[in-house]
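Enquirer: Below is run09.cif; it holds mmCIF, C-alpha atoms.
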data_target
loop_
_atom_site.label_atom_id
_atom_site.label_comp_id
_atom_site.auth_asym_id
_atom_site.auth_seq_id
_atom_site.Cartn_x
_atom_site.Cartn_y
_atom_site.Cartn_z
CA MET A 188 74.68 144.64 38.35
CA ASP A 189 73.13 145.72 35.08
CA ILE A 190 75.19 144.76 32.05
CA PRO A 191 74.53 146.77 28.88
CA PHE A 192 73.46 144.71 25.89
CA SER A 193 75.67 144.59 22.87
CA SER A 194 73.77 144.09 19.61
CA GLN A 195 74.67 140.41 19.71
CA ASN A 196 73.42 140.02 23.27
CA LYS A 197 70.18 141.79 22.37
CA ASN A 198 69.69 139.30 19.55
CA GLU A 199 70.32 136.44 21.98
CA TYR A 200 67.92 137.92 24.53
CA VAL A 201 65.05 138.33 22.05
CA TYR A 202 65.59 134.85 20.60
CA ARG A 203 65.71 133.26 24.04
CA SER A 204 62.62 135.12 25.23
CA LEU A 205 60.59 134.03 22.21
CA LEU A 206 61.78 130.44 22.57
CA GLU A 207 60.87 130.36 26.26
CA ALA A 208 57.48 131.90 25.52
CA ILE A 209 56.82 129.07 23.08
CA ARG A 210 58.10 126.41 25.49
CA SER A 211 55.98 127.77 28.35
CA GLY A 212 52.81 127.89 26.25
CA THR A 213 52.49 131.68 26.12
CA HIS A 214 52.50 131.13 22.36
CA PRO A 215 50.93 127.64 22.11
CA THR A 216 51.37 125.20 19.24
CA GLY A 217 49.40 126.29 16.18
CA SER A 218 49.00 129.89 17.34
CA ARG A 219 49.99 132.85 15.23
CA LEU A 220 52.81 135.05 16.52
CA PRO A 221 52.41 138.85 16.63
CA SER A 222 53.76 140.73 13.61
CA GLU A 223 57.38 141.83 13.42
CA ARG A 224 56.34 145.41 14.20
CA GLU A 225 54.34 144.32 17.28
CA LEU A 226 57.21 142.15 18.53
CA ALA A 227 59.68 145.01 17.96
CA ASP A 228 57.50 147.27 20.12
CA GLN A 229 57.17 144.57 22.76
CA TYR A 230 60.91 144.01 23.04
CA SER A 231 61.92 147.66 22.38
CA CYS A 232 64.20 146.68 19.54
CA SER A 233 64.46 146.97 15.78
CA ARG A 234 62.53 144.83 13.33
CA ILE A 235 65.90 143.55 12.08
CA THR A 236 66.56 142.05 15.53
CA ILE A 237 63.10 140.43 15.52
CA ARG A 238 63.63 139.10 12.01
CA HIS A 239 66.97 137.62 13.03
CA ALA A 240 65.37 135.81 16.00
CA LEU A 241 62.49 134.51 13.88
CA GLU A 242 64.89 133.19 11.23
CA ARG A 243 66.74 131.21 13.89
CA LEU A 244 63.49 129.79 15.27
CA ASN A 245 62.45 128.88 11.74
CA ARG A 246 65.74 127.04 11.11
CA LYS A 247 65.10 124.98 14.23
CA GLN A 248 61.55 124.23 13.04
CA VAL A 249 60.09 125.80 16.17
CA ILE A 250 58.00 128.10 13.95
CA ARG A 251 56.93 128.17 10.30
CA ARG A 252 56.68 131.36 8.29
CA LEU A 253 53.95 131.41 5.60
CA GLN A 254 54.28 134.07 2.93
CA GLY A 255 51.43 136.53 3.29
CA ASN A 256 49.81 134.67 6.21
CA GLY A 257 52.19 135.30 9.12
CA THR A 258 54.27 133.18 11.48
CA PHE A 259 52.87 130.14 13.30
CA VAL A 260 54.15 128.02 16.19
CA ASN A 261 55.10 124.41 15.43
CA GLY A 262 55.97 123.64 19.02
CA VAL A 263 58.81 121.42 17.83
CA ASP A 264 61.83 121.81 20.09
CA PRO A 265 64.63 119.27 19.54
CA PHE A 266 66.14 120.12 22.94
CA PRO A 267 63.47 119.57 25.64
CA SER A 268 63.82 121.89 28.61
CA THR A 269 63.35 118.94 30.99
CA ASP A 270 66.84 117.61 30.12
CA PHE A 271 69.81 119.14 31.92
CA ARG A 272 72.19 119.73 29.05
CA VAL A 273 75.86 120.54 29.62
CA GLY A 274 78.20 121.82 26.90
CA LEU A 275 81.90 120.93 27.30
CA VAL A 276 83.80 123.68 25.46
CA LEU A 277 87.21 122.58 24.17
CA ASP A 278 90.03 124.41 22.42
CA ALA A 279 90.40 121.94 19.55
CA GLU A 280 89.53 121.17 15.96
CA GLU A 281 87.02 118.41 15.24
CA ASP A 282 89.70 116.06 13.90
CA GLU A 283 91.91 116.52 17.01
CA LEU A 284 89.38 115.27 19.54
CA TYR A 285 90.13 111.58 19.37
CA ASN A 286 93.92 111.84 19.76
CA ASP A 287 93.99 113.91 22.94
CA PRO A 288 94.80 112.00 26.17
CA TRP A 289 93.56 114.95 28.25
CA LEU A 290 90.16 114.71 26.58
CA SER A 291 90.09 110.99 27.40
CA GLU A 292 90.53 111.84 31.07
CA LEU A 293 87.69 114.37 30.89
CA LEU A 294 85.45 111.82 29.19
CA TYR A 295 86.09 109.25 31.92
CA GLY A 296 85.27 111.93 34.46
CA MET A 297 82.00 112.73 32.70
CA ILE A 298 81.04 109.05 32.77
CA SER A 299 81.71 109.02 36.50
CA ALA A 300 79.65 112.18 37.02
CA GLY A 301 76.79 110.73 35.00
CA GLY A 302 76.59 107.80 37.40
CA LYS A 303 75.81 110.16 40.28
CA GLN A 304 73.18 112.36 38.69
CA PRO A 305 71.69 112.25 35.18
CA PHE A 306 72.55 114.86 32.58
CA VAL A 307 73.21 115.12 28.87
CA ILE A 308 76.59 116.42 27.76
CA SER A 309 77.85 117.48 24.34
CA ILE A 310 81.42 118.28 23.30
CA ILE A 311 81.74 121.67 21.62
CA PRO A 312 85.15 122.03 19.92
CA VAL A 313 86.18 125.61 19.13
CA ALA A 314 88.89 126.35 16.56
CA LYS A 315 91.95 128.30 17.64
CA ASN A 316 90.79 131.65 16.28
CA GLY A 317 87.06 130.93 16.53
CA SER A 318 84.45 131.63 19.17
CA LEU A 319 81.93 129.57 21.09
CA MET A 320 79.02 131.31 19.36
CA GLU A 321 80.46 130.70 15.87
CA SER A 322 81.13 127.05 16.63
CA MET A 323 77.60 126.48 17.87
CA GLU A 324 76.10 128.25 14.89
CA ARG A 325 78.00 125.92 12.55
CA ARG A 326 76.55 122.99 14.50
CA GLY A 327 73.03 124.39 14.17
CA GLN A 328 72.81 125.01 17.92
CA GLU A 329 72.17 127.97 20.22
CA LEU A 330 73.55 128.89 23.63
CA HIS A 331 70.18 128.47 25.28
CA ASP A 332 69.90 124.91 23.99
CA TYR A 333 72.09 124.20 27.03
CA ASN A 334 71.51 124.60 30.75
CA GLY A 335 75.17 125.24 31.47
CA PHE A 336 78.75 125.02 30.18
CA VAL A 337 82.09 123.69 31.34
CA ALA A 338 84.87 125.69 29.65
CA ALA A 339 88.04 123.64 29.19
CA ARG A 340 89.51 126.51 27.16
CA ASN A 341 90.12 130.19 27.82
CA LEU A 342 86.88 132.03 27.13
CA SER A 343 87.08 135.50 25.62
CA ALA A 344 85.70 138.56 27.41
CA GLU A 345 82.85 138.64 24.89
CA GLU A 346 81.96 134.98 25.49
CA ILE A 347 81.96 135.46 29.26
CA GLU A 348 79.85 138.62 28.98
CA THR A 349 77.33 136.84 26.76
CA LEU A 350 76.96 133.87 29.11
CA SER A 351 76.72 136.16 32.14
CA THR A 352 74.15 138.43 30.52
CA LEU A 353 71.99 135.48 29.54
CA GLU A 354 72.42 134.11 33.09
CA LEU A 355 73.60 130.78 31.72
CA PRO A 356 75.75 129.08 34.39
CA PHE A 357 79.29 128.14 33.42
CA VAL A 358 82.33 126.72 35.18
CA LEU A 359 85.85 127.63 34.10
CA LEU A 360 88.69 125.12 34.00
CA GLN A 361 91.00 127.66 32.35
CA ASN A 362 91.01 131.52 32.50
CA GLU A 363 93.34 131.44 35.52
CA LYS A 364 93.13 135.21 36.07
CA LEU A 365 89.33 135.09 36.44
CA LYS A 366 89.10 132.24 38.93
CA SER A 367 88.09 134.54 41.80
CA SER A 368 85.25 136.14 39.82
CA TYR A 369 83.39 133.15 38.35
CA SER A 370 82.73 129.51 39.14
CA TYR A 371 86.07 127.81 38.74
CA VAL A 372 87.60 124.38 39.42
CA SER A 373 91.38 124.54 39.43
CA ILE A 374 94.19 122.09 40.05
CA ASP A 375 96.88 123.34 42.44
CA ASN A 376 99.72 123.69 39.93
CA MET A 377 102.03 125.34 42.45
CA GLN A 378 101.70 122.37 44.80
CA GLY A 379 102.18 119.89 41.97
CA THR A 380 105.48 121.42 40.90
CA TYR A 381 106.57 121.75 44.52
CA LEU A 382 106.00 118.01 45.06
CA ALA A 383 107.97 117.11 41.93
CA ALA A 384 110.93 119.41 42.57
CA SER A 385 111.05 118.48 46.27
CA HIS A 386 111.23 114.80 45.35
CA LEU A 387 114.12 115.38 42.95
CA LEU A 388 115.98 117.36 45.62
CA ALA A 389 115.20 114.80 48.32
CA ILE A 390 116.81 111.97 46.32
CA GLY A 391 120.00 114.00 45.95
CA CYS A 392 119.59 115.93 42.68
CA ARG A 393 121.21 119.38 42.90
CA HIS A 394 121.28 120.60 39.30
CA LEU A 395 117.66 120.83 38.16
CA PHE A 396 116.00 122.15 35.05
CA PHE A 397 112.30 122.73 34.49
CA MET A 398 110.97 122.62 30.93
CA LEU A 399 107.42 123.91 30.33
CA PRO A 400 105.22 125.88 27.89
CA GLU A 401 105.65 129.62 28.36
CA ASN A 402 102.11 130.35 27.12
CA SER A 403 100.51 127.97 29.61
CA PRO A 404 97.99 129.67 31.96
CA GLN A 405 99.60 127.70 34.79
CA PHE A 406 103.12 128.94 33.98
CA HIS A 407 103.58 131.36 36.88
CA ASN A 408 102.07 129.08 39.54
CA ARG A 409 104.30 126.22 38.46
CA ILE A 410 107.35 128.47 38.63
CA LYS A 411 106.39 129.51 42.18
CA GLY A 412 106.25 125.88 43.28
CA PHE A 413 109.64 125.21 41.71
CA GLN A 414 111.16 128.22 43.47
CA GLN A 415 109.69 127.25 46.83
CA ALA A 416 111.25 123.78 46.67
CA LEU A 417 114.65 125.22 45.71
CA ARG A 418 114.58 127.69 48.63
CA GLU A 419 113.64 125.02 51.16
CA TYR A 420 116.63 122.92 50.09
CA GLY A 421 119.03 125.87 50.16
CA GLN A 422 119.38 126.01 46.39
CA PRO A 423 119.53 129.23 44.32
CA ALA A 424 115.90 130.16 43.65
CA ASN A 425 116.59 132.46 40.69
CA SER A 426 114.47 130.21 38.50
CA GLU A 427 115.32 132.08 35.28
CA ASN A 428 118.62 130.20 35.24
CA PHE A 429 116.86 126.85 35.36
CA ILE A 430 113.74 127.38 33.21
CA LEU A 431 113.54 126.11 29.63
CA THR A 432 110.44 127.26 27.78
CA VAL A 433 108.79 125.52 24.85
CA GLY A 434 106.22 126.62 22.28
CA GLU A 435 103.58 124.79 20.27
CA ASP A 436 106.19 122.34 18.95
CA ASP A 437 107.06 121.11 22.41
CA CYS A 438 108.71 117.94 21.08
CA GLY A 439 111.05 119.84 18.76
CA ASP A 440 111.82 122.50 21.37
CA ALA A 441 112.55 119.88 24.05
CA GLU A 442 115.02 118.11 21.77
CA GLN A 443 116.74 121.40 20.99
CA HIS A 444 117.05 122.34 24.67
CA ILE A 445 118.61 119.01 25.61
CA GLU A 446 121.03 119.19 22.68
CA GLU A 447 122.10 122.69 23.69
CA LEU A 448 122.64 121.74 27.34
CA LEU A 449 124.80 118.79 26.30
CA ALA A 450 126.71 120.81 23.71
CA ARG A 451 127.54 123.45 26.36
CA LYS A 452 128.40 120.67 28.84
CA VAL A 453 125.95 122.06 31.39
CA ALA A 454 125.71 119.77 34.40
CA PHE A 455 122.23 118.55 35.32
CA ASP A 456 121.06 115.51 37.24
CA GLY A 457 117.33 116.14 37.41
CA ILE A 458 114.76 117.45 34.98
CA LEU A 459 111.07 118.25 35.38
CA LEU A 460 109.11 118.17 32.11
CA GLY A 461 105.89 120.15 31.83
CA THR A 462 104.14 118.29 28.96
CA ASP A 463 103.91 114.72 27.72
CA GLY A 464 105.53 115.81 24.44
CA CYS A 465 108.49 117.30 26.31
CA ALA A 466 108.88 114.10 28.31
CA TYR A 467 108.93 111.84 25.28
CA SER A 468 111.33 114.01 23.28
CA ALA A 469 113.71 114.78 26.18
CA VAL A 470 114.10 111.14 27.17
CA MET A 471 114.67 110.06 23.56
CA THR A 472 117.34 112.75 23.12
CA LEU A 473 119.11 111.79 26.36
CA ARG A 474 119.14 108.16 25.29
CA LYS A 475 120.58 109.11 21.91
CA HIS A 476 123.61 110.53 23.73
CA GLY A 477 124.01 107.51 25.99
CA ILE A 478 122.74 109.27 29.11
CA ARG A 479 121.08 106.83 31.48
CA ILE A 480 117.80 107.34 33.29
CA PRO A 481 117.76 107.39 36.27
CA GLU A 482 121.44 106.66 36.92
CA ASP A 483 122.66 109.89 35.29
CA VAL A 484 119.50 112.01 35.18
CA SER A 485 116.27 111.60 37.13
CA VAL A 486 113.11 112.56 35.23
CA VAL A 487 109.66 113.70 36.38
CA MET A 488 106.87 114.59 33.95
CA TRP A 489 103.68 116.60 34.35
CA ASP A 490 100.48 114.71 33.52
CA ASP A 491 100.40 110.99 34.06
CA PHE A 492 99.44 110.06 30.52
CA PRO A 493 100.30 106.36 30.13
CA TRP A 494 101.20 106.53 26.43
CA VAL A 495 104.56 108.17 27.23
CA SER A 496 105.76 105.44 29.59
CA LYS A 497 104.44 102.78 27.21
CA VAL A 498 106.22 104.14 24.14
CA LEU A 499 109.46 104.81 26.03
CA ARG A 500 109.23 101.48 27.87
CA LEU A 501 110.12 103.43 30.97
CA PRO A 502 107.67 103.96 33.86
CA LEU A 503 108.00 107.70 34.45
CA THR A 504 107.58 109.44 37.78
CA ALA A 505 104.71 111.83 37.18
CA VAL A 506 102.63 114.61 38.64
CA ARG A 507 99.13 113.24 38.28
CA GLN A 508 96.51 115.91 37.70
CA PRO A 509 93.04 114.78 38.83
CA PHE A 510 91.27 115.74 35.59
CA ARG A 511 88.46 113.29 36.25
CA ALA A 512 87.76 114.79 39.66
CA GLN A 513 87.98 118.25 38.11
CA ILE A 514 85.23 117.64 35.55
CA VAL A 515 83.06 115.82 38.12
CA SER A 516 83.33 118.82 40.43
CA ALA A 517 82.50 121.24 37.60
CA ILE A 518 79.35 119.33 36.69
CA GLU A 519 78.33 119.14 40.37
CA ILE A 520 78.54 122.94 40.52
CA LEU A 521 76.35 123.28 37.43
CA MET A 522 73.80 120.79 38.72
CA SER A 523 73.63 122.59 42.07
CA GLN A 524 72.52 125.73 40.22
CA ARG A 525 69.90 124.14 37.98
CA ASN A 526 67.01 125.68 39.93
CA SER A 527 68.72 128.97 40.80
CA ASP A 528 67.32 132.21 39.43
CA LYS A 529 70.84 133.62 39.09
CA PRO A 530 74.06 131.54 38.94
CA SER A 531 76.46 132.07 41.83
CA SER A 532 80.26 131.88 41.78
CA ILE A 533 81.77 128.78 43.37
CA GLN A 534 85.51 128.12 43.47
CA ARG A 535 87.18 124.79 44.21
CA ILE A 536 90.84 123.72 44.24
CA ILE A 537 91.82 120.08 43.72
CA GLN A 538 95.20 118.72 44.78
CA PRO A 539 97.49 116.77 42.41
CA SER A 540 99.64 113.84 43.53
CA LEU A 541 103.13 112.58 42.75
CA ILE A 542 103.38 109.03 41.41
CA VAL A 543 106.95 107.80 41.98
CA ARG A 544 108.28 105.27 39.48
CA CYS A 545 111.68 104.11 38.27
CA SER A 546 112.67 107.19 36.23
CA CYS A 547 114.01 108.66 39.48
CA ARG A 548 116.92 107.14 41.34
CA THR A 549 116.55 106.02 44.92
CA PRO A 550 117.97 108.28 47.67
CA GLY A 551 121.72 107.89 48.13
CA SER A 552 122.21 105.79 44.99
#
Represent the structure of the file as structure tokens.
Expert:
Amino acid sequence: MDIPFSSQNKNEYVYRSLLEAIRSGTHPTGSRLPSERELADQYSCSRITIRHALERLNRKQVIRRLQGNGTFVNGVDPFPSTDFRVGLVLDAEEDELYNDPWLSELLYGMISAGGKQPFVISIIPVAKNGSLMESMERRGQELHDYNGFVAARNLSAEEIETLSTLELPFVLLQNEKLKSSYSYVSIDNMQGTYLAASHLLAIGCRHLFFMLPENSPQFHNRIKGFQQALREYGQPANSENFILTVGEDDCGDAEQHIEELLARKVAFDGILLGTDGCAYSAVMTLRKHGIRIPEDVSVVMWDDFPWVSKVLRLPLTAVRQPFRAQIVSAIEILMSQRNSDKPSSIQRIIQPSLIVRCSCRTPGS
């Protein structure tokens, strides 16, 4: 399918073509490049587009521009094409990277993947309202410095179009709605919630609440798993009555929800918590009111991040998401396409597991 170039994609295309021509020896080291006018005719574009590409090559020291003498090839490329370079795109600020337990899981997964087949990986943090292209420009990098990308954040339509047009392979870990159209490695969130809710029901809990972020891309699949478990145990499956949503301040929202339930004297004996922040805050608030875990309320949390159990001094039953296996699988997909003329779409689903610990009561107790 032919995808029309936007002006930005045309700039990327010309830049990439010139860079590959230099790498391949079409324009060897020390040679003089054609003039801007000749290059514009060659690529059927404006001289402004050519000038933009040449400026980027100059910044990377691939070429040198001599006033009045023309443009010459240095042949200096800081990213050799023989290396398979993977960019891990994250939705985070630079200063947030080292405090994120999810990122730690991804890093361990990357180490595991590196033991199977060699590659070079770089973390590319993208600010909340920024874009992949802007972030890389600030870092002095270009998209085609990489052989492929793993997107651990929702990519915009423009970012996906750019990567697709340039035929740069990428694997999505987010963008739930696009998982049937592009290479995607997902964790079965419906099954994870089903396992957690089924366990709570199996040990005798009958008044359950599920607290989770409303803006999460996995929101609807998790709700489906919760509903399925309720139906199988003959419980009302109108989940709206049992769903508590949180926003960016999940700790503050979790505390408020628990306080409101207790103030209204709403009965509940089991609670499923969709983030580590919710888990910490909910348990602390229950303890503040003298509510015992698991004797009074059984608790299951999403994501088996050990810091929560350690801080609470309570081993929490948890839905463990196989983040390490997820990133290993994503890199395997990229590596399988390293010699392909055109990237193909590969989808994989990885199953979570339920780790049962002492935050849930034993059946019949």
Enquirer: Between A:Leu206, A:Arg224, A:Thr216, A:Asp375, which is the closest to Glu329 of chain A once you count all atoms listed in the file?
Expert: A:Leu206
Enquirer: Which residues match the PyMOL selection byres ((chain A and resi 313-318) around 9) in the file above, as a ChimeraX atom specification?
Expert: /A:276-281,311-312,319-323,340,342-343,346
Enquirer: Just checking: using all atoms listed in the file, which residue out of A:Glu199, A:Glu401, A:Glu519, A:Asp332 ends up closest to Thr349 of chain A?
Expert: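 For Thr349 of chain A, the nearest of the candidates is A:Glu199.
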Enquirer: Do you know which residues lie at most 12 Å from (108.3, 127.0, 40.1), with coordinates as in the file and all atoms listed in the file counted, and could you write them as a count of residues only?
Expert: 40
Enquirer: Using all atoms listed in the file for the distances, tell me which of A:Tyr202, A:Tyr295, A:Trp289, A:Phe455 is nearest to Ala512 of chain A.
Expert: A:Tyr295
Enquirer: Place a sphere of radius 12 Å on (119.1, 108.4, 26.7) in the file coordinates and name every protein, DNA or RNA residue with an atom inside or on its surface, counting all atoms listed in the file; give the answer as an MDAnalysis selection string.
Expert: chainID A and resid 442 445:446 449 466:486 499 501 546
Enquirer: Hey, which of A:Gln538, A:Thr504, A:Gln328, A:Ser291 ends up closest to Ser373 of chain A? Count only C-alpha atoms.
Expert: A:Gln538
Enquirer: Could you give me the axis-aligned bounding box of segment 477-494 of chain A, with 4 Å of padding per side, as centre plus edge lengths in Å to one decimal, as JSON?
Expert:
{"center_x": 111.7, "center_y": 111.5, "center_z": 31.6, "size_x": 32.6, "size_y": 18.2, "size_z": 19.1}
